[in-house]
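Read through the structure below, which is laid out as structure tokens, and then see the notes.
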Amino acid sequence: MAANKRVLMLPGDGIGPEVMGEVRRLIDWMDRRRSVTFDVTEDLVGGVAYETHGAAISDNTMDLALNSDAVLFGAVGGPQWDNVGFDVRPEAGLLRLRKDMDLFANLRPAICFDALAQASSLKPELVGGLDILIVRELTGGVYFGEPRGIEDLPDGQRRGVNTQVYTTDEIRRVCRVAFDLATKRDNRVCSVEKMNVMESGILWREEATWVHENEFVDVELSHMLADNCGMQLVRSPKQFDVIVTDNLFGDMLSDVASMLTGSLGMLPSASLGPADGSGRRRALYEPVHGSAPDIAGQGKANPLAMIQSYAMMLRYSFDMSEDADLVERAVRNVLDSGLRTSDIMQTDMTAVSCEQMGEAVVMELDKLAA
Ligand code: IPM
Ligand code: MG
């Protein structure tokens, strides 16, 4: 069984190792209680990899990632690496994983648990029951476009250049993922770009429309400009079902959406590659939050985004929806019972550490599976 359950665990920097530790707890529980054994290998990424190998991810680790069935990723980065070379900065490790594994579709669900509607900076009635999914293109656009760089000009100034670039295929494949996921939800897709100022935005809108007309006519498609989408997300977020957008807009809009759920510490994500002949996809699962160096090592991190990323792994990489549901239900119940890490703390609730939150999820799993 373990042969097709090879998981590469990359905790990374900052709070990454802490939140990953709580996923370890869940994996051990699955092993004990559900007889599901993952073949787990742990390795370095980000700043810790730079310290050891002089690169944010080594070729050897990259090979392990390419040969695994799923990668669990914590977080990378920290102020101590602010001045290292651009190519070896911690974030470069994550970007290389995304690019070399061809993880073009990034799924970022923003779900507001009832228990957390009060923790959002928005009014509870705006966010209560929220369930939206942002599908972010992850291997193209301005993140990877050429030319790029900083050059010296003859007059002594410098010029920084990045390129926003998308092809037909890049747009169509991520839109297909979004439409397909919409059919399993409320059947609505909103495609987001800036076609009023960018040619790549005009192409994005045309190709999204092409996929709709040729392959998914039964799904409702609407279009929105990215700035308006940011505004609509805080004005009336429940109007959305699935949002599909490019790499940079997706990065920004998913951070906006995170606050609708109460905290950035609640948002999981799945990054998927193209399906091979047998329908399997390369995949990486990571919380949307970063390494949070300011609270690292203090037991204050919220492990729920990482734990929910693990649930997404069960669902998307291993076809274990029942177990994924179980983990998600345990998270919901633990929140209902009033336990809170500091990022989602509210009056009259019980403050817990990262570890206590992880333990509580496992205890809840014990109850649910009894
Ligand atoms: C994210 C992060 C990354 C990104 C950083 C860490 C490179 O913000 O996954 O949203 O910009 O994609
Ligand atoms: Mg981001």
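Ordering of the structure tokens sets the chain letters (A, B, ...), residue numbers begin anew at 1 in every chain, and ligands are numbered from 1 in the order given.
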All alpha helix (DSSP H) residues (DSSP, backbone) inside region 31-206 of chain A, as an mmCIF file with C-alpha atoms, in the first residue's frame:
data_model
loop_
_atom_site.group_PDB
_atom_site.id
_atom_site.type_symbol
_atom_site.label_atom_id
_atom_site.label_comp_id
_atom_site.auth_asym_id
_atom_site.auth_seq_id
_atom_site.Cartn_x
_atom_site.Cartn_y
_atom_site.Cartn_z
ATOM 1 C CA ASP A 31 -1.978 4.826 10.773
ATOM 2 C CA ARG A 32 -3.288 3.594 14.137
ATOM 3 C CA ARG A 33 -7.007 4.004 13.682
ATOM 4 C CA ARG A 34 -7.677 3.695 9.957
ATOM 5 C CA GLY A 47 15.820 29.263 4.388
ATOM 6 C CA VAL A 48 16.813 26.056 6.192
ATOM 7 C CA ALA A 49 17.688 24.485 2.827
ATOM 8 C CA TYR A 50 19.703 27.569 1.930
ATOM 9 C CA GLU A 51 21.688 27.240 5.168
ATOM 10 C CA THR A 52 22.490 23.602 4.383
ATOM 11 C CA HIS A 53 22.758 23.504 0.587
ATOM 12 C CA ASP A 59 18.184 19.030 -6.825
ATOM 13 C CA ASN A 60 17.915 15.938 -4.667
ATOM 14 C CA THR A 61 14.858 17.280 -2.819
ATOM 15 C CA MET A 62 13.366 18.321 -6.155
ATOM 16 C CA ASP A 63 13.767 14.724 -7.394
ATOM 17 C CA LEU A 64 12.039 13.442 -4.250
ATOM 18 C CA ALA A 65 9.162 15.860 -4.921
ATOM 19 C CA LEU A 66 8.834 14.751 -8.544
ATOM 20 C CA PRO A 90 13.516 30.969 0.486
ATOM 21 C CA GLU A 91 10.518 31.735 -1.762
ATOM 22 C CA ALA A 92 12.509 30.519 -4.773
ATOM 23 C CA GLY A 93 12.208 26.974 -3.401
ATOM 24 C CA LEU A 94 8.435 27.132 -3.467
ATOM 25 C CA LEU A 95 8.381 28.716 -6.911
ATOM 26 C CA ARG A 96 10.686 26.003 -8.277
ATOM 27 C CA LEU A 97 8.459 23.270 -6.834
ATOM 28 C CA ARG A 98 5.416 24.850 -8.485
ATOM 29 C CA LYS A 99 7.167 25.319 -11.830
ATOM 30 C CA ASP A 100 9.070 22.030 -12.078
ATOM 31 C CA PRO A 124 -20.937 38.128 10.655
ATOM 32 C CA GLU A 125 -24.004 38.242 8.386
ATOM 33 C CA LEU A 126 -21.746 39.013 5.418
ATOM 34 C CA VAL A 127 -19.466 36.034 5.987
ATOM 35 C CA THR A 168 -4.150 30.057 -24.900
ATOM 36 C CA ASP A 169 -3.291 26.678 -23.386
ATOM 37 C CA GLU A 170 -2.240 28.106 -20.038
ATOM 38 C CA ILE A 171 -5.531 29.960 -19.696
ATOM 39 C CA ARG A 172 -7.712 27.143 -20.981
ATOM 40 C CA ARG A 173 -6.289 24.451 -18.721
ATOM 41 C CA VAL A 174 -6.797 26.392 -15.510
ATOM 42 C CA CYS A 175 -10.287 27.477 -16.607
ATOM 43 C CA ARG A 176 -11.162 23.812 -17.247
ATOM 44 C CA VAL A 177 -10.214 22.960 -13.669
ATOM 45 C CA ALA A 178 -12.383 25.826 -12.400
ATOM 46 C CA PHE A 179 -15.410 24.866 -14.516
ATOM 47 C CA ASP A 180 -15.058 21.219 -13.589
ATOM 48 C CA LEU A 181 -14.939 22.027 -9.860
ATOM 49 C CA ALA A 182 -17.941 24.356 -10.262
ATOM 50 C CA THR A 183 -20.033 21.429 -11.536
ATOM 51 C CA GLU A 199 -3.873 42.586 -23.531
ATOM 52 C CA SER A 200 -3.205 39.439 -21.520
ATOM 53 C CA GLY A 201 -6.493 40.249 -19.787
ATOM 54 C CA ILE A 202 -8.345 40.481 -23.101
ATOM 55 C CA LEU A 203 -6.956 37.079 -24.059
ATOM 56 C CA TRP A 204 -7.868 35.683 -20.627
ATOM 57 C CA ARG A 205 -11.494 36.772 -21.060
ATOM 58 C CA GLU A 206 -11.688 35.410 -24.612
#
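Residue neighbourhood of Ile111 (chain A), excluding near-sequence residues (fewer than 5 positions): Gly129, Leu130, Asp131, Ile132 and Thr261 of chain A, at 8 Å, using only C-alpha atoms.
Proximity ranking of A:Gly273, A:Pro17, A:Gly12, A:Gly141 relative to Val45 (chain A) places A:Gly12 first, based on only C-alpha atoms.
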Find the nearest atom pair between each residue of chain A and ligand 1 for residues within 9 Å, count only C-alpha atoms and all ligand atoms, give distances in Å to one decimal, sort rows by chain and ascending number, and present the table as a tab-separated table.
residue	atom	partner	partner_atom_place_in_ligand_line	distance
A:Ala75	CA	ligand 1	6 (C)	7.6
A:Val76	CA	ligand 1	6 (C)	6.7
A:Gly77	CA	ligand 1	6 (C)	7.4
A:Pro90	CA	ligand 1	6 (C)	8.3
A:Glu91	CA	ligand 1	7 (C)	4.8
A:Ala92	CA	ligand 1	7 (C)	7.2
A:Gly93	CA	ligand 1	7 (C)	8.8
A:Leu94	CA	ligand 1	7 (C)	6.6
A:Leu95	CA	ligand 1	7 (C)	6.5
A:Leu138	CA	ligand 1	12 (O)	7.6
A:Tyr143	CA	ligand 1	11 (O)	8.1
A:Asn247	CA	ligand 1	12 (O)	7.5
A:Leu248	CA	ligand 1	11 (O)	7.4
A:Gly250	CA	ligand 1	10 (O)	8.0
A:Asp251	CA	ligand 1	10 (O)	4.8
A:Met252	CA	ligand 1	10 (O)	7.5
A:Ser254	CA	ligand 1	10 (O)	7.4
A:Asp255	CA	ligand 1	10 (O)	7.3
A:Ser269	CA	ligand 1	9 (O)	8.8
A:Glu286	CA	ligand 1	9 (O)	8.1
A:Pro287	CA	ligand 1	9 (O)	8.1
A:Val288	CA	ligand 1	9 (O)	5.7
A:His289	CA	ligand 1	1 (C)	7.4
A:Gly290	CA	ligand 1	6 (C)	6.4
A:Ser291	CA	ligand 1	6 (C)	8.6
Selected residues, N, CA, C and O atoms, written as a CSV table (one decimal), in the first residue's frame, please.
chain,number,residue,atom,x,y,z
A,75,ALA,N,5.9,26.3,5.2
A,75,ALA,CA,6.0,27.8,4.9
A,75,ALA,C,7.5,28.1,4.7
A,75,ALA,O,8.3,27.4,5.3
A,76,VAL,N,7.8,29.1,4.0
A,76,VAL,CA,9.2,29.5,3.8
A,76,VAL,C,9.4,31.0,4.0
A,76,VAL,O,8.5,31.8,3.9
A,77,GLY,N,10.6,31.3,4.4
A,77,GLY,CA,11.0,32.7,4.5
A,77,GLY,C,11.2,33.2,5.9
A,77,GLY,O,10.8,32.6,6.9
A,90,PRO,N,14.4,32.1,0.1
A,90,PRO,CA,13.5,31.0,0.5
A,90,PRO,C,12.3,30.7,-0.5
A,90,PRO,O,12.0,29.6,-0.8
A,91,GLU,N,11.7,31.8,-0.9
A,91,GLU,CA,10.5,31.7,-1.8
A,91,GLU,C,10.8,31.0,-3.1
A,91,GLU,O,10.0,30.4,-3.7
A,92,ALA,N,12.1,31.1,-3.5
A,92,ALA,CA,12.5,30.5,-4.8
A,92,ALA,C,12.3,29.0,-4.7
A,92,ALA,O,12.0,28.4,-5.8
A,93,GLY,N,12.4,28.4,-3.5
A,93,GLY,CA,12.2,27.0,-3.4
A,93,GLY,C,10.8,26.6,-3.7
A,93,GLY,O,10.5,25.6,-4.4
A,94,LEU,N,9.9,27.4,-3.2
A,94,LEU,CA,8.4,27.1,-3.5
A,94,LEU,C,8.1,27.3,-4.9
A,94,LEU,O,7.4,26.5,-5.6
A,95,LEU,N,8.7,28.4,-5.5
A,95,LEU,CA,8.4,28.7,-6.9
A,95,LEU,C,9.0,27.6,-7.8
A,95,LEU,O,8.3,27.2,-8.8
A,138,LEU,N,-1.0,29.1,-11.4
A,138,LEU,CA,0.2,29.1,-10.5
A,138,LEU,C,1.5,29.0,-11.2
A,138,LEU,O,2.6,29.1,-10.5
A,143,TYR,N,4.8,36.1,-12.5
A,143,TYR,CA,5.7,35.3,-11.6
A,143,TYR,C,6.9,34.7,-12.3
A,143,TYR,O,8.0,34.5,-11.8
A,247,ASN,N,-2.1,34.4,-11.8
A,247,ASN,CA,-1.2,34.1,-10.7
A,247,ASN,C,-1.1,35.3,-9.7
A,247,ASN,O,-1.4,35.1,-8.5
A,248,LEU,N,-0.9,36.5,-10.2
A,248,LEU,CA,-0.8,37.6,-9.3
A,248,LEU,C,-2.1,38.1,-8.7
A,248,LEU,O,-2.2,38.3,-7.5
A,250,GLY,N,-4.6,36.2,-8.2
A,250,GLY,CA,-5.0,35.1,-7.4
A,250,GLY,C,-4.3,35.2,-6.0
A,250,GLY,O,-4.9,34.9,-5.0
A,251,ASP,N,-3.0,35.6,-6.1
A,251,ASP,CA,-2.3,35.8,-4.8
A,251,ASP,C,-2.9,36.8,-3.9
A,251,ASP,O,-3.2,36.6,-2.8
A,252,MET,N,-3.3,38.0,-4.6
A,252,MET,CA,-3.8,39.1,-3.8
A,252,MET,C,-5.2,38.8,-3.3
A,252,MET,O,-5.6,39.0,-2.2
A,254,SER,N,-6.7,36.0,-2.9
A,254,SER,CA,-6.9,34.9,-1.9
A,254,SER,C,-6.5,35.4,-0.5
A,254,SER,O,-7.0,35.0,0.5
A,255,ASP,N,-5.5,36.4,-0.4
A,255,ASP,CA,-5.3,37.0,0.9
A,255,ASP,C,-6.5,37.8,1.4
A,255,ASP,O,-6.8,37.8,2.6
A,269,SER,N,-4.6,25.1,1.0
A,269,SER,CA,-4.6,25.1,-0.5
A,269,SER,C,-4.1,23.8,-1.1
A,269,SER,O,-3.3,23.1,-0.4
A,286,GLU,N,-0.4,23.1,0.8
A,286,GLU,CA,0.2,24.1,1.7
A,286,GLU,C,-0.8,25.0,2.3
A,286,GLU,O,-1.8,25.4,1.6
A,287,PRO,N,-0.6,25.5,3.5
A,287,PRO,CA,-1.5,26.6,4.0
A,287,PRO,C,-1.2,27.8,3.3
A,287,PRO,O,-0.1,28.0,2.8
A,288,VAL,N,-2.2,28.7,3.2
A,288,VAL,CA,-2.0,30.0,2.5
A,288,VAL,C,-1.1,31.0,3.3
A,288,VAL,O,-0.4,31.8,2.7
A,289,HIS,N,-1.2,30.8,4.6
A,289,HIS,CA,-0.4,31.7,5.4
A,289,HIS,C,1.1,31.4,5.2
A,289,HIS,O,1.5,30.4,4.8
A,290,GLY,N,1.9,32.4,5.6
A,290,GLY,CA,3.4,32.3,5.4
A,290,GLY,C,4.0,31.8,6.7
A,290,GLY,O,3.4,31.1,7.5
A,291,SER,N,5.3,32.1,6.8
A,291,SER,CA,6.1,31.5,7.9
A,291,SER,C,6.0,32.3,9.2
A,291,SER,O,6.5,31.8,10.2
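Of all the residues in region 94-218 of chain A, the ones DSSP labels as strand (DSSP E or B) from the backbone are Ala105, Asn106, Leu107, Arg108, Pro109, Ala110, Ile111, Asp131, Ile132, Leu133, Ile134, Val135, Arg136, Glu137, Gly149, Ile150, Glu151, Asp152, Arg158, Arg159, Gly160, Val161, Arg188, Val189, Cys190, Ser191, Val192 and Glu193 of chain A.
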Write the residues of the selection above to a file with C-alpha atoms, as a PDB file, in the first residue's frame.
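Saved the output as selection-v7.pdb:
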ATOM      1  CA  ALA A 105      -3.981  24.954 -10.718  1.00  0.00           C
ATOM      2  CA  ASN A 106      -4.013  26.335  -7.182  1.00  0.00           C
ATOM      3  CA  LEU A 107      -7.235  25.680  -5.279  1.00  0.00           C
ATOM      4  CA  ARG A 108      -7.847  28.056  -2.371  1.00  0.00           C
ATOM      5  CA  PRO A 109     -11.184  27.426  -0.693  1.00  0.00           C
ATOM      6  CA  ALA A 110     -12.404  30.177   1.621  1.00  0.00           C
ATOM      7  CA  ILE A 111     -14.946  28.718   3.995  1.00  0.00           C
ATOM      8  CA  ASP A 131     -18.065  28.918   0.841  1.00  0.00           C
ATOM      9  CA  ILE A 132     -16.099  30.163  -2.134  1.00  0.00           C
ATOM     10  CA  LEU A 133     -13.246  28.664  -4.090  1.00  0.00           C
ATOM     11  CA  ILE A 134     -10.477  30.659  -5.709  1.00  0.00           C
ATOM     12  CA  VAL A 135      -8.710  28.833  -8.519  1.00  0.00           C
ATOM     13  CA  ARG A 136      -5.429  30.622  -9.085  1.00  0.00           C
ATOM     14  CA  GLU A 137      -3.177  29.997 -12.104  1.00  0.00           C
ATOM     15  CA  GLY A 149      15.315  41.727 -14.074  1.00  0.00           C
ATOM     16  CA  ILE A 150      16.846  44.967 -12.888  1.00  0.00           C
ATOM     17  CA  GLU A 151      19.087  46.785 -15.335  1.00  0.00           C
ATOM     18  CA  ASP A 152      21.338  49.832 -15.190  1.00  0.00           C
ATOM     19  CA  ARG A 158      17.923  51.583 -12.809  1.00  0.00           C
ATOM     20  CA  ARG A 159      14.962  49.867 -14.452  1.00  0.00           C
ATOM     21  CA  GLY A 160      13.016  46.902 -13.000  1.00  0.00           C
ATOM     22  CA  VAL A 161      11.131  44.718 -15.472  1.00  0.00           C
ATOM     23  CA  ARG A 188     -20.947  29.237 -11.243  1.00  0.00           C
ATOM     24  CA  VAL A 189     -17.566  30.573 -12.363  1.00  0.00           C
ATOM     25  CA  CYS A 190     -16.430  34.198 -12.251  1.00  0.00           C
ATOM     26  CA  SER A 191     -13.350  34.820 -14.394  1.00  0.00           C
ATOM     27  CA  VAL A 192     -11.222  37.728 -13.203  1.00  0.00           C
ATOM     28  CA  GLU A 193      -8.682  39.855 -15.125  1.00  0.00           C
TER      29      GLU A 193
END
Discussion item. Need the shell around Phe318 (chain A): protein/DNA/RNA residues with any atom at most 10 Å away, counting only C-alpha atoms. Skip same-chain ones fewer than 3 positions apart. Format as a PyMOL selection string?
Written reply: chain A and resi 4-5+69-70+280+312-315+321+324
Write the residues you've just listed into a file as a PDB file, in the first residue's frame, and include N, CA and C atoms for each of them.
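Just written: part-v7.pdb:
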ATOM      1  N   ASN A   4       2.082   3.449  -3.217  1.00  0.00           N
ATOM      2  CA  ASN A   4       1.411   4.550  -3.906  1.00  0.00           C
ATOM      3  C   ASN A   4       0.959   5.646  -2.940  1.00  0.00           C
ATOM      4  N   LYS A   5       1.581   5.684  -1.783  1.00  0.00           N
ATOM      5  CA  LYS A   5       1.278   6.760  -0.833  1.00  0.00           C
ATOM      6  C   LYS A   5       2.559   7.407  -0.358  1.00  0.00           C
ATOM      7  N   ASP A  69       3.934  11.009  -4.398  1.00  0.00           N
ATOM      8  CA  ASP A  69       2.527  11.083  -4.814  1.00  0.00           C
ATOM      9  C   ASP A  69       1.893  12.385  -4.349  1.00  0.00           C
ATOM     10  N   ALA A  70       2.481  12.971  -3.314  1.00  0.00           N
ATOM     11  CA  ALA A  70       1.988  14.275  -2.847  1.00  0.00           C
ATOM     12  C   ALA A  70       3.077  14.928  -2.009  1.00  0.00           C
ATOM     13  N   ARG A 280      -3.950  10.504 -12.486  1.00  0.00           N
ATOM     14  CA  ARG A 280      -3.260  11.033 -11.292  1.00  0.00           C
ATOM     15  C   ARG A 280      -2.573  12.352 -11.617  1.00  0.00           C
ATOM     16  N   MET A 312      -7.200  18.120   2.262  1.00  0.00           N
ATOM     17  CA  MET A 312      -7.285  18.272   0.803  1.00  0.00           C
ATOM     18  C   MET A 312      -6.416  17.222   0.107  1.00  0.00           C
ATOM     19  N   MET A 313      -5.274  16.906   0.703  1.00  0.00           N
ATOM     20  CA  MET A 313      -4.417  15.857   0.144  1.00  0.00           C
ATOM     21  C   MET A 313      -5.148  14.516   0.122  1.00  0.00           C
ATOM     22  N   LEU A 314      -5.819  14.196   1.236  1.00  0.00           N
ATOM     23  CA  LEU A 314      -6.564  12.937   1.291  1.00  0.00           C
ATOM     24  C   LEU A 314      -7.589  12.899   0.157  1.00  0.00           C
ATOM     25  N   ARG A 315      -8.263  14.038  -0.056  1.00  0.00           N
ATOM     26  CA  ARG A 315      -9.341  14.093  -1.041  1.00  0.00           C
ATOM     27  C   ARG A 315      -8.823  14.055  -2.477  1.00  0.00           C
ATOM     28  N   SER A 321     -12.092  10.665   0.305  1.00  0.00           N
ATOM     29  CA  SER A 321     -13.031  11.731   0.678  1.00  0.00           C
ATOM     30  C   SER A 321     -13.614  11.523   2.066  1.00  0.00           C
ATOM     31  N   ALA A 324     -11.165  12.621   4.520  1.00  0.00           N
ATOM     32  CA  ALA A 324     -11.046  14.081   4.433  1.00  0.00           C
ATOM     33  C   ALA A 324     -12.226  14.731   5.149  1.00  0.00           C
TER      34      ALA A 324
END
Item to complete: May I ask which of the residues A:Ser337, A:Gln80, A:Asn196, A:Ser258 is the closest one to ligand 2, counting only C-alpha atoms and all ligand atoms?
Response: A:Ser258
